[in-house]
Structure formats: C-alpha cells, structure tokens
Amino acid sequence: MKKTGSLNKNVHFRARVHRLHTGRTARSENMDSNFLHYFAGGNTAKGFYNLFDSNLQGLERVFILSGKSKTAKSRLIERLAEEWGGKGHSLEVIHSAHDHHSLDGLIIRKLGFGIVDGHPPRVIGKEFVGARWETVDLEVLGAQPGIEDGSAEVDILKEEINSALETAYGAYEEALKIHDDWESIYIGRMDFQKADRVADRLIKDLFGRQEKGIESCTRRRFLGAATPAGAVDFVENLTEGLSRRFFLKGRAGTGKSTLLKKIAAEAERRGYVTEIYHCGFDPNSLDMVLVRELGWAIFDSTAPHEYFPEREGDEIVDMYELTVAPGTDEMFAKEIADIEAEYRRNMTEANNYLAEAKRLQDQLEIKLAEGKGRTYLDDIFADINGEIKLLAKQGLL
C-alpha cells in the first residue's frame, strides 16, 4: 500500500469513478478527500445483502429511484455528486457491487439529503423511513409514447441475469461452507482466554477514559465487495485522516470478527457514531469498526483486503501469533492446502458468473436506452438539484 495524494478538484467526477482500480482495491489516488466511498449492498454467500437503510436513517429528504436501467440511475447520481462535491460539502458515495464503477447512491449528510437506487433486490425504507422520502420512477418519466422497449427480449435478458447471479450466490454459499472447515482447524488450536485478553487490552487502548460520545448512531456498510472485476475495497479512502489504524492479521477462525464485534458493542455502548463494516463474503462477520470522533479504525487486514502499516499511528495485531498454538500451520499444512484450493475454485466460479451477469446487464442497458427521451434525465436532475439548493439555503438561514 503506497501513500498517495488527492486529485485536482476540477477533474470530472464521473471520469474519476471510471478510473477506479479494477483489481483488488479501489485506490485513494482516484478520490477527493471530501468523498467517502463505500458499498451498502453486496454479492454474498447469503445472496444479495442490503444495508442501505442503516445509512439513510436520520435523513430528511430522500429520493428513491426506480426503473429498469441501472445506467440511467447511476448517471443521475454521478451528476449530482459532481455538482455538489465541488462546493465544499462532504459526500458519501455508495458504489454498486454489480459494477463498482457505477453508483447506487449519494448522501449529503449535512443537508439531510440522500438519493439511492431502490430497484430490487435493494430494499429501501424497511427499517427507516421519513415523511419526505419520495420514489422517482425513471421508467415512466423516460418513456416515449408509442415506442416499445423490446419487452420480450428485455424479459429474457433479465431472466438470464438473475440466473447468473443465483448461480454465483450458490457458489459463494458453497465456498462459505468450505471456509467453515478452514476455520475449524484454527479454532481447535486457539487459546480463548488469550483472545479475551487481547480484546480487553484493545478496548482500553481505543477508548481510554472516554465514556460518552457526542452523538449515538450506528451505520452499517461493507468494507469491500465481490464484483465482476474481483474483490474491491475502499480501505484507504475510508481510513484517510485517521490518527490510528489497527491492522488485524491472522488466519481464518482466529477470532478477528469476534474481536471486532466486541469493539463495536463497546463503541455503541459508549454512545459514539460507530461505522461497522461487514464482510462482503459473509455478512454475518465484521471486517472493520471505525469511530471518527476518536480518530481510529481497526480492520481485518488479510486477503482479499490485505494492507500493511505505512504511516505513524499504524499498528499490527496478529491474532495467529497472539492466540493460536505455535506450529499449527505446519501441523495441518496438507489439510489447509486442500481446503484452500477447493475454496478458491468456488470463489473463482462465483466471480465468473458475476462477470457473466454484468455482460448480460450491459446488453440490457443498450436495449433499455432505445425509445427514451433525450432530455428526461436533464429534467430530473434539474428538479432534484433544485431541492438540494433549497436544503442548502435553509441550512444557512
């Protein structure tokens, strides 16, 4: 992980989004410091997993976009992000796990504003909803009288996309079962009393004598996501500006997620705004806990989001070294190698089906673009942008 600077503020936002690294991570050199990037939905072993509501809670004005075209919704969100990112506001940019170059949402928390793609399988408003939350149907607004969208072909493509995604989720589910076998090796060799002592020391170090935060709130997100381009994360962007970062090392089953759950519970108990980042593979596990008020983050720093200390305040916490009986890797080398090979085979299969789903989605987007008015997105942008201006004006009164 190399230290990088921010791009010139005048660079077009959408160009920045599409230059994001397409391999393991999306590097912070492609992001301005006033943009916070994360995923709120993920392609997981539990299917598509939704954490959108957790991030929308407390927002006064929310637009929920519906319609078949993901491209149209992403372009609208990108334009709004470009418009308001250059005005000194801190923006939360929600990326799509189906294509991390595309956007699923934008939040301007200071203005109480949010806009998200609410098309299934995303579920918006199940946990939190406000009086001024409104659905905007791009399908209706973009339709041209007398022009069909080739509905038969569209339906076939949608069925093929869903089939590819379900096959991917099945392969991830199988990979998770194999991962459980991997974990059991280390669980059987772990000293749980030592693990408890590690957690106690870290909690004392992280919180000190601070008992009460300024505001109590929990926001749940994904640290990274399985995408058609492979595993992608925003660790560098999310932890930029923090004074302390703790890099959790270890093997599968060495208690990293359990440790993070204890720290998250303590942060919530003490009343801090707690950012909890779930695992993009197994959403029941945690990958990071971050409290900006205290200036720290602690995260699972193993593949596929492996990082190493590079600046003052960075520290490694190796759960394998601290809690597992020495020689475990060597003792179970053959079993571990066999399990890892089978695990990676399923993960590769799942990723290939995600890529196939994206290829089909790209075909669908071309089809959906036919028969749409040229200016309807401009009109919707103008209306929503006008609403944000009103919120900004009210904030100055």
# chains A, B, ... in the order shown; residues from 1 in each chain; ligands from 1

call {"tool": "residues_around", "arguments": {"residues": "Arg61 in chain A", "least_positions_apart": "3", "cutoff": "9 Å", "atoms": "only C-alpha atoms", "output": "NGL selection string"}}
result
:A and (111-115 or 130-134 or 387-388 or 391)

call {"tool": "closest_atom_pairs", "arguments": {"of": "range 75-175 of chain A", "to": "range 276-297 of chain A", "cutoff": "10 Å", "atoms": "only C-alpha atoms", "output": "CSV"}}
result
residue,atom,partner,partner_atom,distance
A:Ala97,CA,A:Gly280,CA,9.4
A:Tyr169,CA,A:Phe281,CA,9.9
A:Tyr172,CA,A:Phe281,CA,7.5
A:Glu173,CA,A:Asp282,CA,8.9
A:Ala175,CA,A:Phe281,CA,9.4

call {"tool": "atom_distance", "arguments": {"atom1": "CA of Ser301 in chain A", "atom2": "CA of Lys249 in chain A"}}
result
5.7 Å

call {"tool": "residues_around", "arguments": {"residues": "Gly88 in chain A", "least_positions_apart": "2", "cutoff": "12 Å", "atoms": "only C-alpha atoms", "output": "PyMOL selection string"}}
result
chain A and resi 9+32-35+81-86+90-91+108+110+392

call {"tool": "residues_around", "arguments": {"residues": "Trp182 in chain A", "least_positions_apart": "2", "cutoff": "12 Å", "atoms": "only C-alpha atoms", "output": "PDB file with C-alpha atoms, in the first residue's frame"}}
result
ATOM      1  CA  ALA A 175     -17.306 -21.553  -0.574  1.00  0.00           C
ATOM      2  CA  LEU A 176     -18.546 -20.391   2.851  1.00  0.00           C
ATOM      3  CA  LYS A 177     -19.145 -23.997   3.943  1.00  0.00           C
ATOM      4  CA  ILE A 178     -15.589 -24.827   2.912  1.00  0.00           C
ATOM      5  CA  HIS A 179     -14.361 -21.729   4.742  1.00  0.00           C
ATOM      6  CA  ASP A 180     -16.044 -23.030   7.901  1.00  0.00           C
ATOM      7  CA  SER A 184     -12.347 -25.153  12.447  1.00  0.00           C
ATOM      8  CA  ILE A 185      -8.666 -26.080  12.200  1.00  0.00           C
ATOM      9  CA  TYR A 186      -7.575 -22.880  13.907  1.00  0.00           C
ATOM     10  CA  ILE A 187     -10.493 -22.728  16.337  1.00  0.00           C
ATOM     11  CA  GLY A 188      -9.409 -26.089  17.690  1.00  0.00           C
ATOM     12  CA  ARG A 251      -5.883 -16.982   9.716  1.00  0.00           C
ATOM     13  CA  ALA A 252      -9.500 -17.970   9.166  1.00  0.00           C
ATOM     14  CA  GLY A 253     -11.095 -18.706  12.527  1.00  0.00           C
ATOM     15  CA  THR A 254      -8.586 -16.817  14.699  1.00  0.00           C
ATOM     16  CA  ASP A 329       0.196 -24.018  10.059  1.00  0.00           C
ATOM     17  CA  PHE A 332      -2.149 -29.032   9.215  1.00  0.00           C
ATOM     18  CA  ALA A 333      -0.358 -27.908   6.041  1.00  0.00           C
ATOM     19  CA  LYS A 334      -1.846 -30.635   3.790  1.00  0.00           C
ATOM     20  CA  GLU A 335      -5.428 -30.175   5.033  1.00  0.00           C
ATOM     21  CA  ILE A 336      -5.162 -26.391   4.757  1.00  0.00           C
ATOM     22  CA  ALA A 337      -3.794 -26.572   1.207  1.00  0.00           C
ATOM     23  CA  ASP A 338      -6.625 -28.882   0.075  1.00  0.00           C
ATOM     24  CA  ILE A 339      -9.304 -26.714   1.690  1.00  0.00           C
ATOM     25  CA  GLU A 340      -7.846 -23.510   0.271  1.00  0.00           C
ATOM     26  CA  ALA A 341      -7.732 -24.967  -3.256  1.00  0.00           C
ATOM     27  CA  GLU A 342     -11.394 -26.008  -3.114  1.00  0.00           C
ATOM     28  CA  TYR A 343     -12.383 -22.675  -1.595  1.00  0.00           C
TER      29      TYR A 343
END

call {"tool": "select_by_dssp", "arguments": {"residues": "range 123-322 of chain A", "states": "strand (DSSP E)", "output": "number ranges by chain"}}
result
A: 132-137, 217-222, 224-227, 230-233, 244-249, 273-278, 286-291, 296-300, 314-318

call {"tool": "write_last_selection", "arguments": {"atoms": "C-alpha atoms", "output": "CSV table (one decimal), in the first residue's frame"}}
result
chain,number,residue,atom,x,y,z
A,132,ARG,CA,-40.2,13.4,2.9
A,133,TRP,CA,-38.9,10.2,1.3
A,134,GLU,CA,-40.1,10.0,-2.3
A,135,THR,CA,-39.9,7.5,-5.2
A,136,VAL,CA,-38.9,8.7,-8.6
A,137,ASP,CA,-39.8,6.3,-11.4
A,217,CYS,CA,-25.6,6.3,16.0
A,218,THR,CA,-24.6,3.1,14.2
A,219,ARG,CA,-24.0,2.9,10.4
A,220,ARG,CA,-23.5,-0.5,8.8
A,221,ARG,CA,-21.8,-0.8,5.5
A,222,PHE,CA,-19.5,-3.2,3.6
A,224,GLY,CA,-15.5,-4.3,0.3
A,225,ALA,CA,-17.5,-6.3,-2.2
A,226,ALA,CA,-17.3,-9.2,-4.6
A,227,THR,CA,-17.7,-7.5,-8.0
A,230,GLY,CA,-12.9,-9.2,-8.4
A,231,ALA,CA,-12.8,-8.1,-4.8
A,232,VAL,CA,-12.8,-4.3,-4.4
A,233,ASP,CA,-12.5,-2.3,-1.2
A,244,ARG,CA,-4.6,5.4,14.4
A,245,ARG,CA,-5.2,2.3,12.3
A,246,PHE,CA,-5.0,-1.2,13.7
A,247,PHE,CA,-4.3,-4.0,11.1
A,248,LEU,CA,-5.8,-7.3,12.2
A,249,LYS,CA,-3.8,-10.2,10.9
A,273,VAL,CA,-21.2,7.3,15.9
A,274,THR,CA,-20.0,3.9,15.0
A,275,GLU,CA,-19.2,2.8,11.5
A,276,ILE,CA,-19.4,-1.0,11.3
A,277,TYR,CA,-18.2,-2.6,8.1
A,278,HIS,CA,-19.4,-6.1,7.3
A,286,LEU,CA,-17.3,-8.0,10.5
A,287,ASP,CA,-14.3,-6.6,8.7
A,288,MET,CA,-13.9,-3.1,10.3
A,289,VAL,CA,-15.0,-0.9,13.1
A,290,LEU,CA,-14.3,2.9,12.8
A,291,VAL,CA,-15.0,5.8,15.2
A,296,TRP,CA,-9.2,5.3,14.8
A,297,ALA,CA,-10.2,2.2,12.8
A,298,ILE,CA,-9.5,-1.4,13.4
A,299,PHE,CA,-9.9,-3.8,10.4
A,300,ASP,CA,-9.3,-7.3,9.1
A,314,ASP,CA,-0.4,2.2,12.2
A,315,GLU,CA,-0.1,-1.0,14.2
A,316,ILE,CA,-0.4,-4.7,13.5
A,317,VAL,CA,-2.5,-7.0,15.8
A,318,ASP,CA,-1.7,-10.6,14.8

call {"tool": "residues_around", "arguments": {"residues": "range 258-271 of chain A", "least_positions_apart": "6", "cutoff": "6 Å", "atoms": "only C-alpha atoms", "output": "PyMOL selection string"}}
result
chain A and resi 199+211-213+216

call {"tool": "write_last_selection", "arguments": {"atoms": "C-alpha atoms", "output": "compact mmCIF listing (two decimals), in the first residue's frame"}}
result
# COMPACT_ATOMS: atom_id res chain seq x y z
CA ALA A 199 -9.81 -7.72 23.29
CA GLU A 211 -17.38 7.40 28.33
CA LYS A 212 -19.78 9.30 26.14
CA GLY A 213 -19.69 10.32 22.52
CA SER A 216 -25.03 7.93 19.33

call {"tool": "closest_residue", "arguments": {"among": "A:Asn346, A:Asn352, A:Thr328, A:Ser163", "to": "Pro228 in chain A", "atoms": "only C-alpha atoms"}}
result
A:Asn352
